2 protein chains.
Amino acid sequence: MLKVKKVALDTAPENTAFLSRCCTAYRAEEFTTLKKIEVISDSKTILATLVICDDADIIAPEELGLGAPAFRRLGAPENARVRIAQAPPPASLEAVRRKINGSEMTSAEIKAIISDIAAFRYSPMEIAAFLISSGSFMSTGEALALTRAMADAGSKLDWDLPIVADKHCIGGIPGNRTSMIVTPIVAAHGLCMPKTSSRAITSPAGTADTMEALARVDLTTEEMRAVVENEKACLVWGGRANLSPADDILISVERPLRIDIREQMVASILSKKIAAGATHLLIDIPVGPTAKVRSRGEAVRLRKLIEFIGDQLGLHLDIVVTDGAQPVGRGIGPVLEARDVMAVLRNQPDAPGDLRARALFLAGRVLDFDPDLRGGAGRARAEELLDSGAALTKMEKIIDAQGPPPSESVLGALTMDFPAPRSGFVVAMDCYRLGRIARLAGAPLDKGAGVDLFKKISDRVEAGEPLYRIHASFKSDFDFAAAMAAEDAGVRIDAQGGSARGAQ
Amino acid sequence: MLKVKKVALDTAPENTAFLSRCCTAYRAEEFTTLKKIEVISDSKTILATLVICDDADIIAPEELGLGAPAFRRLGAPENARVRIAQAPPPASLEAVRRKINGSEMTSAEIKAIISDIAAFRYSPMEIAAFLISSGSFMSTGEALALTRAMADAGSKLDWDLPIVADKHCIGGIPGNRTSMIVTPIVAAHGLCMPKTSSRAITSPAGTADTMEALARVDLTTEEMRAVVENEKACLVWGGRANLSPADDILISVERPLRIDIREQMVASILSKKIAAGATHLLIDIPVGPTAKVRSRGEAVRLRKLIEFIGDQLGLHLDIVVTDGAQPVGRGIGPVLEARDVMAVLRNQPDAPGDLRARALFLAGRVLDFDPDLRGGAGRARAEELLDSGAALTKMEKIIDAQGPPPSESVLGALTMDFPAPRSGFVVAMDCYRLGRIARLAGAPLDKGAGVDLFKKISDRVEAGEPLYRIHASFKSDFDFAAAMAAEDAGVRIDAQGGSARGAQ
């Protein structure tokens, strides 16, 4: 028997265990071939990747160290007695091996794989094996089974309503915070829209990050239910509701490997929405040269796959393909984006017109899910609710109901205006590059950091006139962002603006 | 700048770095998305997987911890100043992504991938992505390029001789220590055979483990050259010669994933042999129900792939398919196998006949590479060299030249005779199971542990008569092995022995 010791190393999402090379109870080297062990306490067994330790200050010979996630998941106190055993790969990995050899996975196999992944029984290399084995070919049947298995692997919210509206944007467009305008409009109309969002992973802000500049977002499921009961809507971070938990684990491997497989992306999106209890879902696919989806053809293939799976799972879908040529609104980064959102809701004259138009278009499509509304009347109804201030009132109530954010966010005080190198017209804006500059400036961890755009595509600029302002709170972030902007500002200016107008 | 601190955690083969969540110089969380960082010292840059640390006793805010392999590879002293930066995935991973989408990899792409892997620039999940992406389909051209890239990635031995003989067995047969008999026979004849072998990974003994019961095996390349210069042969562990270094790294991922892809296996074998300077290579493919290769058809496919690649690389090949129905010789485990080998070389009357016959057959095929020998005369010449004691003398000289082993090996003193549950004939022996029992008994780390077989296929046994003896040195190992044998002994006995003789 070994004594459990917590080792404060964050190996998330992976379980890691540490054993002394001089372990008294086990021959440590015997476990190194397969790398994975079972850790068995009185009440629970977890799998963990084993690391051998040669420092008795970290792990003594009679101890078993557990990294922070493994310690939490085993749930035993420090100094509890545990046994360990060699752990063969999870049985479901056999299906991955068959998939490598060309077979199609059955629904039961996919269910077993996802259930093992959600229980942290797969190591990152095993997750990579699953993702890549199905990366070169995945049938629509497999994609459907994957979506269903992912939705079933965690908690499910049930709102007991005929229409639970939701929207999702395929992403890649900085500043595109339409959810924070669409949701209060839809709720002001009377439809239920319990919006759960993610935090940014590689972008400068997710909806949850921007909303957190205005309100608390890490609500428990019970707190979220209370807000929705009163306000018909919420705008919260989905991370505490255990919705499609395998998704976050898969993303932790997809991201560093930069693999991006259509079927896996659709399963990720739809499984989260189904688990969140959505019945009617609007999906926005922005297409642009630097957006996530880069051609109309790609958007159509994606739309068809979403339609197939959504139909099988009983989701009412509306899928729109929109212009993703440039950032939406002016701000990039949580505080700046929250400013734009509130300007639109308040009907301020300086509110960004593109953000307003986009939000109204999408809100109208969501309202068109309402059978009591005359066909095609959604857009006009959305405008009415926005212009009348009903949407603003609703947003203020949602913010009140969710409570104040953990800390007040202020715009980064270090600023630099980035000047146009020449006169002419803005003909292209690089969404990826501008997002990267905002991220280097500190967004989203530093909510006040980001990029504030003064010019958009087809705008006329004079040489030396500022294109955008970088905001940062810390000198090192500021320098990184300024250096990246100096290398390539992400804005293209031509003497002739003709083609730009055409592109837009 | 951060101060380097060695953290005595063995994360081999992976580089791991540890950063405090309260790091003063960098925002630790910013690096967690891609998990990998560059560690930059004055003289060298390495890539490492990042783990965030919340214990200042392990890593202080101004320190960067490096696990044992990363610390060794960076080569900077403790407290040296280093910088870190976000590390994108290696550029060669782009080829892996294209392979996932169905393209064939070019030789240049494969070369770049293997060179990055050999330089420890791939994390285990990235290695898994490479292996799996090429797992479902690999052209013979890709397999050839992979073999060449793996051979080129490390050191190469050049013996400056027209014939440098070598042999390799595909494996899975416990006790099959023919190399230790074939090598002295071939050297006694006068051909050069500088044999490098591996240690066991999942089997109870590799040739290097068994040889180490008799002599030192961890020779440097220079020491190995000196032995071969005098004796024409050696029997050493290949681990110090840096031959095909990517191979060991690939195996560290293949093994826990239990992926076993023909093209990758052939590249592994041939790249090591080419790097070791072999010109003439005998490959033994044992076929049996519990061997690595389980059917004649599989053996033929394997043979053809080896022939294609070997021909392209200018290797002279002889490939034989042999009976792999049961273990060879009597002992399983380093000391027991060394005993069998020496009994054959000493022409003892109790020497295992099957090991002798197999070694003579294979030695004869290797001797047939000698153009000065009459066609087909190899087998008789091998027998002459064994019977005359010339092979024994050569083996004794090789042992003397390599020097004594680091410690004397003695047979495990804890023994248990495992009795036949019924009378009849032995009709089947499970190579995998018997190897596993020997391994649980402590082999190969405990050289004196293992299984000593008293009966083989087609032998008559009486109920209660011992089938084999388990040897162990430690009580816990002994109990594990005895429990596994009690669960399934790995030996099948039928009242009728007819089919057994047929199978053999």
# chains A, B, ... in the order shown; residues from 1 in each chain; ligands from 1

$ residues_around --residues "range 137-152 of chain B" --least-positions-apart "2" --cutoff "9 Å" --atoms "only C-alpha atoms" --output "ChimeraX atom specification"
/A:100-102 /B:102,104-108,110-115,118,133-135,154-156,243-247,263-264,266-276,305,308-310,312-313

$ write_last_selection --atoms "N, CA and C atoms" --output "short mmCIF file (atom, residue, chain, number, x, y, z; two decimals), in the first residue's frame"
data_model
loop_
_atom_site.label_atom_id
_atom_site.label_comp_id
_atom_site.auth_asym_id
_atom_site.auth_seq_id
_atom_site.Cartn_x
_atom_site.Cartn_y
_atom_site.Cartn_z
N ILE A 100 -8.52 2.40 -37.53
CA ILE A 100 -7.27 2.63 -38.25
C ILE A 100 -7.19 1.69 -39.45
N ASN A 101 -7.66 0.48 -39.23
CA ASN A 101 -7.62 -0.50 -40.31
C ASN A 101 -8.79 -0.38 -41.28
N GLY A 102 -9.58 0.68 -41.15
CA GLY A 102 -10.56 0.96 -42.19
C GLY A 102 -11.99 0.64 -41.86
N GLY B 102 -5.60 12.37 -46.60
CA GLY B 102 -5.51 11.40 -47.67
C GLY B 102 -4.33 11.53 -48.61
N GLU B 104 -0.38 11.39 -49.92
CA GLU B 104 0.80 10.57 -49.65
C GLU B 104 1.90 11.53 -49.20
N MET B 105 2.70 11.10 -48.23
CA MET B 105 3.79 11.96 -47.78
C MET B 105 4.98 11.83 -48.73
N THR B 106 5.64 12.95 -49.00
CA THR B 106 6.85 12.88 -49.82
C THR B 106 8.02 12.44 -48.94
N SER B 107 9.10 12.02 -49.60
CA SER B 107 10.29 11.61 -48.85
C SER B 107 10.81 12.76 -48.01
N ALA B 108 10.76 13.98 -48.56
CA ALA B 108 11.26 15.14 -47.82
C ALA B 108 10.42 15.39 -46.58
N ILE B 110 8.68 13.12 -44.89
CA ILE B 110 8.96 12.06 -43.91
C ILE B 110 10.30 12.32 -43.23
N LYS B 111 11.25 12.78 -44.01
CA LYS B 111 12.57 13.08 -43.44
C LYS B 111 12.46 14.18 -42.38
N ALA B 112 11.68 15.21 -42.68
CA ALA B 112 11.51 16.33 -41.73
C ALA B 112 10.81 15.86 -40.46
N ILE B 113 9.80 14.99 -40.63
CA ILE B 113 9.07 14.49 -39.46
C ILE B 113 10.02 13.68 -38.56
N ILE B 114 10.75 12.75 -39.17
CA ILE B 114 11.63 11.88 -38.38
C ILE B 114 12.74 12.68 -37.72
N SER B 115 13.23 13.68 -38.43
CA SER B 115 14.30 14.48 -37.86
C SER B 115 13.77 15.29 -36.66
N ALA B 118 13.34 12.76 -33.78
CA ALA B 118 14.63 12.36 -33.19
C ALA B 118 15.21 13.48 -32.33
N SER B 133 -1.97 8.60 -38.45
CA SER B 133 -2.34 9.14 -39.76
C SER B 133 -1.79 8.25 -40.88
N SER B 134 -0.66 7.62 -40.63
CA SER B 134 -0.12 6.74 -41.67
C SER B 134 -0.46 5.29 -41.38
N GLY B 135 -1.27 5.06 -40.33
CA GLY B 135 -1.57 3.69 -39.96
C GLY B 135 -2.54 2.99 -40.88
N GLY B 154 20.24 9.10 -37.08
CA GLY B 154 21.20 8.92 -35.99
C GLY B 154 22.60 8.63 -36.51
N SER B 155 23.38 7.97 -35.67
CA SER B 155 24.74 7.60 -36.07
C SER B 155 24.69 6.38 -36.99
N LYS B 156 25.76 6.20 -37.75
CA LYS B 156 25.87 5.02 -38.59
C LYS B 156 27.21 4.36 -38.37
N LEU B 243 21.78 4.43 -32.77
CA LEU B 243 21.34 3.90 -34.06
C LEU B 243 19.84 4.09 -34.19
N SER B 244 19.39 4.75 -35.25
CA SER B 244 17.96 4.99 -35.49
C SER B 244 17.25 5.48 -34.22
N PRO B 245 17.70 6.62 -33.68
CA PRO B 245 17.15 7.08 -32.39
C PRO B 245 15.65 7.36 -32.42
N ALA B 246 15.10 7.71 -33.59
CA ALA B 246 13.65 7.96 -33.65
C ALA B 246 12.88 6.69 -33.33
N ASP B 247 13.49 5.53 -33.61
CA ASP B 247 12.80 4.26 -33.40
C ASP B 247 12.34 4.10 -31.95
N GLU B 263 4.22 -1.58 -41.94
CA GLU B 263 5.22 -0.68 -42.54
C GLU B 263 6.11 -0.06 -41.47
N GLN B 264 5.51 0.29 -40.34
CA GLN B 264 6.29 0.92 -39.28
C GLN B 264 7.22 -0.09 -38.61
N VAL B 266 8.57 -2.73 -40.13
CA VAL B 266 9.67 -3.01 -41.06
C VAL B 266 10.67 -1.84 -41.06
N ALA B 267 10.17 -0.62 -41.04
CA ALA B 267 11.06 0.55 -40.99
C ALA B 267 11.90 0.52 -39.72
N SER B 268 11.28 0.13 -38.62
CA SER B 268 11.99 0.04 -37.35
C SER B 268 13.15 -0.95 -37.43
N ILE B 269 12.85 -2.15 -37.94
CA ILE B 269 13.87 -3.21 -37.99
C ILE B 269 14.99 -2.83 -38.96
N LEU B 270 14.60 -2.48 -40.19
CA LEU B 270 15.64 -2.27 -41.22
C LEU B 270 16.45 -1.01 -40.95
N SER B 271 15.82 0.03 -40.40
CA SER B 271 16.60 1.26 -40.14
C SER B 271 17.69 0.98 -39.11
N LYS B 272 17.39 0.17 -38.10
CA LYS B 272 18.40 -0.15 -37.07
C LYS B 272 19.54 -0.96 -37.69
N LYS B 273 19.18 -1.91 -38.57
CA LYS B 273 20.20 -2.78 -39.16
C LYS B 273 21.10 -2.00 -40.11
N ILE B 274 20.49 -1.12 -40.89
CA ILE B 274 21.28 -0.32 -41.83
C ILE B 274 22.20 0.63 -41.06
N ALA B 275 21.66 1.24 -40.00
CA ALA B 275 22.50 2.14 -39.20
C ALA B 275 23.64 1.37 -38.54
N ALA B 276 23.42 0.10 -38.22
CA ALA B 276 24.46 -0.71 -37.58
C ALA B 276 25.49 -1.21 -38.59
N LEU B 305 7.30 -7.00 -48.23
CA LEU B 305 7.60 -5.60 -47.90
C LEU B 305 9.07 -5.45 -47.50
N PHE B 308 11.16 -5.61 -50.65
CA PHE B 308 11.10 -4.38 -51.45
C PHE B 308 12.03 -3.32 -50.86
N ILE B 309 11.88 -3.09 -49.56
CA ILE B 309 12.67 -2.01 -48.94
C ILE B 309 14.14 -2.39 -48.87
N GLY B 310 14.41 -3.63 -48.48
CA GLY B 310 15.80 -4.08 -48.40
C GLY B 310 16.51 -3.95 -49.74
N GLN B 312 15.80 -1.89 -52.22
CA GLN B 312 16.02 -0.48 -52.54
C GLN B 312 17.21 0.09 -51.77
N LEU B 313 17.42 -0.44 -50.57
CA LEU B 313 18.49 0.10 -49.73
C LEU B 313 19.78 -0.69 -49.89
#

$ select_by_dssp --residues "range 295-330 of chain A" --states "strand (DSSP E)" --output "PyMOL selection string"
chain A and resi 316-323

$ write_last_selection --atoms "N, CA and C atoms" --output "mmCIF file, in the first residue's frame"
data_model
loop_
_atom_site.group_PDB
_atom_site.id
_atom_site.type_symbol
_atom_site.label_atom_id
_atom_site.label_comp_id
_atom_site.auth_asym_id
_atom_site.auth_seq_id
_atom_site.Cartn_x
_atom_site.Cartn_y
_atom_site.Cartn_z
ATOM 1 N N HIS A 316 -34.743 21.821 -34.380
ATOM 2 C CA HIS A 316 -35.216 22.716 -35.436
ATOM 3 C C HIS A 316 -34.076 23.662 -35.773
ATOM 4 N N LEU A 317 -33.662 23.639 -37.014
ATOM 5 C CA LEU A 317 -32.456 24.373 -37.375
ATOM 6 C C LEU A 317 -32.742 25.483 -38.367
ATOM 7 N N ASP A 318 -31.980 26.581 -38.235
ATOM 8 C CA ASP A 318 -31.917 27.573 -39.304
ATOM 9 C C ASP A 318 -30.438 27.903 -39.445
ATOM 10 N N ILE A 319 -29.931 27.765 -40.655
ATOM 11 C CA ILE A 319 -28.496 27.974 -40.852
ATOM 12 C C ILE A 319 -28.304 29.103 -41.847
ATOM 13 N N VAL A 320 -27.561 30.128 -41.451
ATOM 14 C CA VAL A 320 -27.334 31.264 -42.355
ATOM 15 C C VAL A 320 -25.844 31.418 -42.633
ATOM 16 N N VAL A 321 -25.545 31.766 -43.868
ATOM 17 C CA VAL A 321 -24.158 32.021 -44.257
ATOM 18 C C VAL A 321 -24.011 33.528 -44.382
ATOM 19 N N THR A 322 -23.060 34.101 -43.635
ATOM 20 C CA THR A 322 -22.943 35.568 -43.596
ATOM 21 C C THR A 322 -21.555 36.012 -44.045
ATOM 22 N N ASP A 323 -21.409 37.325 -44.185
ATOM 23 C CA ASP A 323 -20.134 37.900 -44.615
ATOM 24 C C ASP A 323 -19.138 37.890 -43.456
#

$ closest_residue --among "A:Ser43, A:Ser388, A:Ser476, A:Gln402" --to "chain B" --atoms "only C-alpha atoms"
A:Ser476

$ interface_residues --of "chain B" --to "chain A" --cutoff "6 Å" --atoms "only C-alpha atoms" --output "PDB file with C-alpha atoms, in the first residue's frame"
ATOM      1  CA  ALA B   8      13.915  15.032 -10.769  1.00  0.00           C
ATOM      2  CA  LEU B   9      10.939  13.649 -12.667  1.00  0.00           C
ATOM      3  CA  ASP B  10      11.606  11.117 -15.407  1.00  0.00           C
ATOM      4  CA  THR B  11       9.235  12.136 -18.202  1.00  0.00           C
ATOM      5  CA  LEU B  34      -0.895  24.941 -26.967  1.00  0.00           C
ATOM      6  CA  VAL B  51       2.965  21.982 -16.745  1.00  0.00           C
ATOM      7  CA  ILE B  52       1.781  24.745 -14.412  1.00  0.00           C
ATOM      8  CA  CYS B  53       2.957  24.411 -10.811  1.00  0.00           C
ATOM      9  CA  ASP B  54       1.215  25.755  -7.702  1.00  0.00           C
ATOM     10  CA  ASP B  55       3.863  24.766  -5.151  1.00  0.00           C
ATOM     11  CA  ILE B 100      -4.935  12.722 -42.476  1.00  0.00           C
ATOM     12  CA  ASN B 101      -6.714  14.214 -45.461  1.00  0.00           C
ATOM     13  CA  PRO B 124       3.577  12.025 -27.487  1.00  0.00           C
ATOM     14  CA  MET B 125       0.254  13.219 -28.894  1.00  0.00           C
ATOM     15  CA  ALA B 128       0.528   9.450 -32.082  1.00  0.00           C
ATOM     16  CA  ALA B 129      -0.914  11.733 -34.766  1.00  0.00           C
ATOM     17  CA  SER B 136      -4.538   3.075 -42.184  1.00  0.00           C
ATOM     18  CA  PRO B 256       1.060   1.977 -24.856  1.00  0.00           C
TER      19      PRO B 256
END

$ residues_around --residues "Ile37 in chain B" --least-positions-apart "6" --cutoff "10 Å" --atoms "only C-alpha atoms" --output "list in words"
Thr16, Ala17, Phe31, Ile46, Leu47, Ala48, Thr49, Leu50, Ile84, Ala85, Gln86, Ala87, Pro88 and Pro89 of chain B

$ write_last_selection --atoms "C-alpha atoms" --output "PDB file, in the first residue's frame"
ATOM      1  CA  THR B  16       8.634  18.652 -19.728  1.00  0.00           C
ATOM      2  CA  ALA B  17       8.957  22.155 -18.291  1.00  0.00           C
ATOM      3  CA  PHE B  31       0.952  29.100 -22.570  1.00  0.00           C
ATOM      4  CA  ILE B  46      14.534  22.899 -26.879  1.00  0.00           C
ATOM      5  CA  LEU B  47      10.789  22.310 -27.057  1.00  0.00           C
ATOM      6  CA  ALA B  48       8.994  21.125 -23.941  1.00  0.00           C
ATOM      7  CA  THR B  49       5.472  20.349 -22.787  1.00  0.00           C
ATOM      8  CA  LEU B  50       4.460  22.857 -20.117  1.00  0.00           C
ATOM      9  CA  ILE B  84      10.577  30.927 -22.914  1.00  0.00           C
ATOM     10  CA  ALA B  85       8.211  31.463 -25.816  1.00  0.00           C
ATOM     11  CA  GLN B  86       5.020  29.947 -27.139  1.00  0.00           C
ATOM     12  CA  ALA B  87       6.000  27.096 -29.442  1.00  0.00           C
ATOM     13  CA  PRO B  88       3.814  26.382 -32.421  1.00  0.00           C
ATOM     14  CA  PRO B  89       3.620  22.712 -33.465  1.00  0.00           C
TER      15      PRO B  89
END

$ select_by_dssp --residues "range 134-223 of chain B" --states "alpha helix (DSSP H)" --output "PyMOL selection string"
chain B and resi 140-152+179-189+207-211+221-223

$ write_last_selection --atoms "N, CA and C atoms" --output "short mmCIF file (atom, residue, chain, number, x, y, z; two decimals), in the first residue's frame"
data_model
loop_
_atom_site.label_atom_id
_atom_site.label_comp_id
_atom_site.auth_asym_id
_atom_site.auth_seq_id
_atom_site.Cartn_x
_atom_site.Cartn_y
_atom_site.Cartn_z
N THR B 140 4.25 1.63 -50.20
CA THR B 140 5.60 1.06 -50.04
C THR B 140 6.64 2.16 -50.19
N GLY B 141 6.33 3.16 -51.02
CA GLY B 141 7.26 4.30 -51.17
C GLY B 141 7.41 5.06 -49.86
N GLU B 142 6.32 5.24 -49.17
CA GLU B 142 6.39 5.91 -47.87
C GLU B 142 7.17 5.06 -46.86
N ALA B 143 6.93 3.75 -46.90
CA ALA B 143 7.64 2.87 -45.96
C ALA B 143 9.15 2.91 -46.23
N LEU B 144 9.50 2.96 -47.51
CA LEU B 144 10.92 3.06 -47.87
C LEU B 144 11.51 4.38 -47.37
N ALA B 145 10.81 5.46 -47.62
CA ALA B 145 11.30 6.77 -47.19
C ALA B 145 11.41 6.82 -45.66
N LEU B 146 10.46 6.19 -45.00
CA LEU B 146 10.49 6.17 -43.53
C LEU B 146 11.73 5.41 -43.03
N THR B 147 12.00 4.25 -43.64
CA THR B 147 13.17 3.47 -43.24
C THR B 147 14.45 4.27 -43.42
N ARG B 148 14.55 4.91 -44.58
CA ARG B 148 15.76 5.67 -44.89
C ARG B 148 15.90 6.85 -43.92
N ALA B 149 14.80 7.55 -43.69
CA ALA B 149 14.85 8.72 -42.79
C ALA B 149 15.23 8.29 -41.38
N MET B 150 14.70 7.16 -40.93
CA MET B 150 15.02 6.70 -39.57
C MET B 150 16.48 6.30 -39.47
N ALA B 151 16.99 5.61 -40.50
CA ALA B 151 18.41 5.21 -40.48
C ALA B 151 19.31 6.43 -40.50
N ASP B 152 18.90 7.46 -41.27
CA ASP B 152 19.73 8.66 -41.43
C ASP B 152 19.68 9.58 -40.21
N SER B 179 20.48 -15.95 -31.48
CA SER B 179 21.56 -15.02 -31.84
C SER B 179 22.84 -15.31 -31.08
N MET B 180 22.71 -15.76 -29.82
CA MET B 180 23.88 -15.99 -28.99
C MET B 180 24.62 -17.27 -29.38
N ILE B 181 24.01 -18.07 -30.27
CA ILE B 181 24.70 -19.26 -30.79
C ILE B 181 25.15 -18.99 -32.23
N VAL B 182 24.25 -18.33 -33.00
CA VAL B 182 24.57 -18.05 -34.40
C VAL B 182 25.80 -17.13 -34.51
N THR B 183 25.83 -16.08 -33.66
CA THR B 183 26.91 -15.10 -33.78
C THR B 183 28.30 -15.74 -33.58
N PRO B 184 28.54 -16.52 -32.50
CA PRO B 184 29.88 -17.14 -32.39
C PRO B 184 30.18 -18.16 -33.50
N ILE B 185 29.15 -18.85 -33.99
CA ILE B 185 29.41 -19.78 -35.11
C ILE B 185 29.89 -19.00 -36.32
N VAL B 186 29.18 -17.92 -36.67
CA VAL B 186 29.50 -17.14 -37.87
C VAL B 186 30.89 -16.50 -37.72
N ALA B 187 31.18 -16.00 -36.51
CA ALA B 187 32.49 -15.37 -36.29
C ALA B 187 33.60 -16.42 -36.32
N ALA B 188 33.30 -17.63 -35.79
CA ALA B 188 34.30 -18.70 -35.81
C ALA B 188 34.64 -19.09 -37.25
N HIS B 189 33.65 -18.96 -38.12
CA HIS B 189 33.87 -19.23 -39.54
C HIS B 189 34.74 -18.15 -40.18
N THR B 207 17.79 -10.22 -26.22
CA THR B 207 19.12 -10.81 -26.31
C THR B 207 20.12 -10.05 -25.43
N ALA B 208 19.97 -8.71 -25.37
CA ALA B 208 20.88 -7.93 -24.54
C ALA B 208 20.74 -8.29 -23.06
N ASP B 209 19.52 -8.56 -22.61
CA ASP B 209 19.31 -8.94 -21.20
C ASP B 209 19.95 -10.28 -20.89
N THR B 210 19.76 -11.25 -21.81
CA THR B 210 20.29 -12.59 -21.57
C THR B 210 21.82 -12.57 -21.64
N MET B 211 22.36 -11.86 -22.63
CA MET B 211 23.82 -11.77 -22.75
C MET B 211 24.41 -11.13 -21.49
N THR B 221 30.50 2.77 -28.58
CA THR B 221 30.81 2.40 -29.97
C THR B 221 32.29 2.04 -30.11
N GLU B 222 33.16 2.77 -29.42
CA GLU B 222 34.60 2.51 -29.53
C GLU B 222 34.94 1.14 -28.92
N GLU B 223 34.37 0.86 -27.77
CA GLU B 223 34.63 -0.44 -27.13
C GLU B 223 34.10 -1.58 -28.00
#

$ residues_around --residues "range 414-427 of chain A" --least-positions-apart "4" --cutoff "6 Å" --atoms "only C-alpha atoms" --output "compact mmCIF listing (two decimals) with C-alpha atoms, in the first residue's frame"
# COMPACT_ATOMS: atom_id res chain seq x y z
CA ILE A 457 -13.16 47.90 -45.16
CA SER A 458 -13.91 50.53 -47.85
CA ASP A 459 -13.14 53.43 -45.50
CA ARG A 460 -10.95 56.21 -46.89
CA VAL A 461 -7.72 56.87 -44.89
CA GLU A 462 -4.97 59.44 -45.10
CA ALA A 463 -1.34 58.47 -44.52
CA GLY A 464 -0.60 58.85 -40.80
CA GLU A 465 -4.24 58.75 -39.76
CA PRO A 466 -4.77 56.13 -37.01
CA LEU A 467 -6.15 52.75 -38.17
CA TYR A 468 -6.70 51.41 -34.66
CA ARG A 469 -5.68 51.88 -31.05
CA ILE A 470 -4.00 49.16 -29.01
CA HIS A 471 -4.98 49.02 -25.33
CA ALA A 472 -2.96 47.12 -22.72
CA SER A 473 -2.53 47.18 -18.96
CA ARG A 492 -4.43 46.37 -46.29
CA ILE A 493 -4.72 49.79 -47.95
CA ASP A 494 -4.89 50.37 -51.69
CA ALA A 495 -4.84 53.66 -53.54
CA GLY A 497 -10.79 51.26 -53.18
CA ALA A 500 -12.82 46.52 -51.62

$ atom_distance --atom1 "CA of Lys475 in chain A" --atom2 "CA of Pro174 in chain A"
23.3 Å

$ atom_distance --atom1 "CA of Gln348 in chain B" --atom2 "CA of Tyr432 in chain B"
28.7 Å

$ closest_residue --among "A:Gly172, A:Gly375, A:Pro13, A:Pro69" --to "Gln326 in chain A" --atoms "only C-alpha atoms"
A:Gly172

$ closest_residue --among "B:Pro406, B:Glu38, B:Lys195, B:Gly171" --to "Arg121 in chain B" --atoms "only C-alpha atoms"
B:Glu38

$ residues_around --residues "Gly448 in chain A" --least-positions-apart "5" --cutoff "7 Å" --atoms "only C-alpha atoms" --output "list of chain:residue names"
A:Pro334, A:Val335, A:Ser409, A:Val410, A:Leu411, A:Gly412, A:Ala472

$ write_last_selection --atoms "N, CA and C atoms" --output "mmCIF file, in the first residue's frame"
data_model
loop_
_atom_site.group_PDB
_atom_site.id
_atom_site.type_symbol
_atom_site.label_atom_id
_atom_site.label_comp_id
_atom_site.auth_asym_id
_atom_site.auth_seq_id
_atom_site.Cartn_x
_atom_site.Cartn_y
_atom_site.Cartn_z
ATOM 1 N N PRO A 334 -12.577 42.002 -24.396
ATOM 2 C CA PRO A 334 -13.823 42.012 -23.620
ATOM 3 C C PRO A 334 -14.407 43.389 -23.326
ATOM 4 N N VAL A 335 -13.638 44.297 -22.753
ATOM 5 C CA VAL A 335 -14.215 45.592 -22.368
ATOM 6 C C VAL A 335 -14.660 46.379 -23.601
ATOM 7 N N SER A 409 -13.820 45.784 -14.570
ATOM 8 C CA SER A 409 -12.881 45.802 -15.687
ATOM 9 C C SER A 409 -12.731 47.226 -16.201
ATOM 10 N N VAL A 410 -11.497 47.646 -16.366
ATOM 11 C CA VAL A 410 -11.257 48.979 -16.933
ATOM 12 C C VAL A 410 -10.408 48.843 -18.193
ATOM 13 N N LEU A 411 -10.631 49.753 -19.092
ATOM 14 C CA LEU A 411 -9.898 49.731 -20.354
ATOM 15 C C LEU A 411 -8.405 49.927 -20.071
ATOM 16 N N GLY A 412 -7.574 49.166 -20.767
ATOM 17 C CA GLY A 412 -6.127 49.241 -20.562
ATOM 18 C C GLY A 412 -5.609 50.664 -20.790
ATOM 19 N N ALA A 472 -3.525 48.176 -23.563
ATOM 20 C CA ALA A 472 -2.957 47.124 -22.719
ATOM 21 C C ALA A 472 -2.815 47.674 -21.308
#

$ residues_around --residues "Val328 in chain A" --least-positions-apart "2" --cutoff "7 Å" --atoms "only C-alpha atoms" --output "ChimeraX atom specification"
/A:173-176,326,330,354-355

$ atom_distance --atom1 "CA of Glu487 in chain A" --atom2 "CA of Ile332 in chain A"
19.1 Å
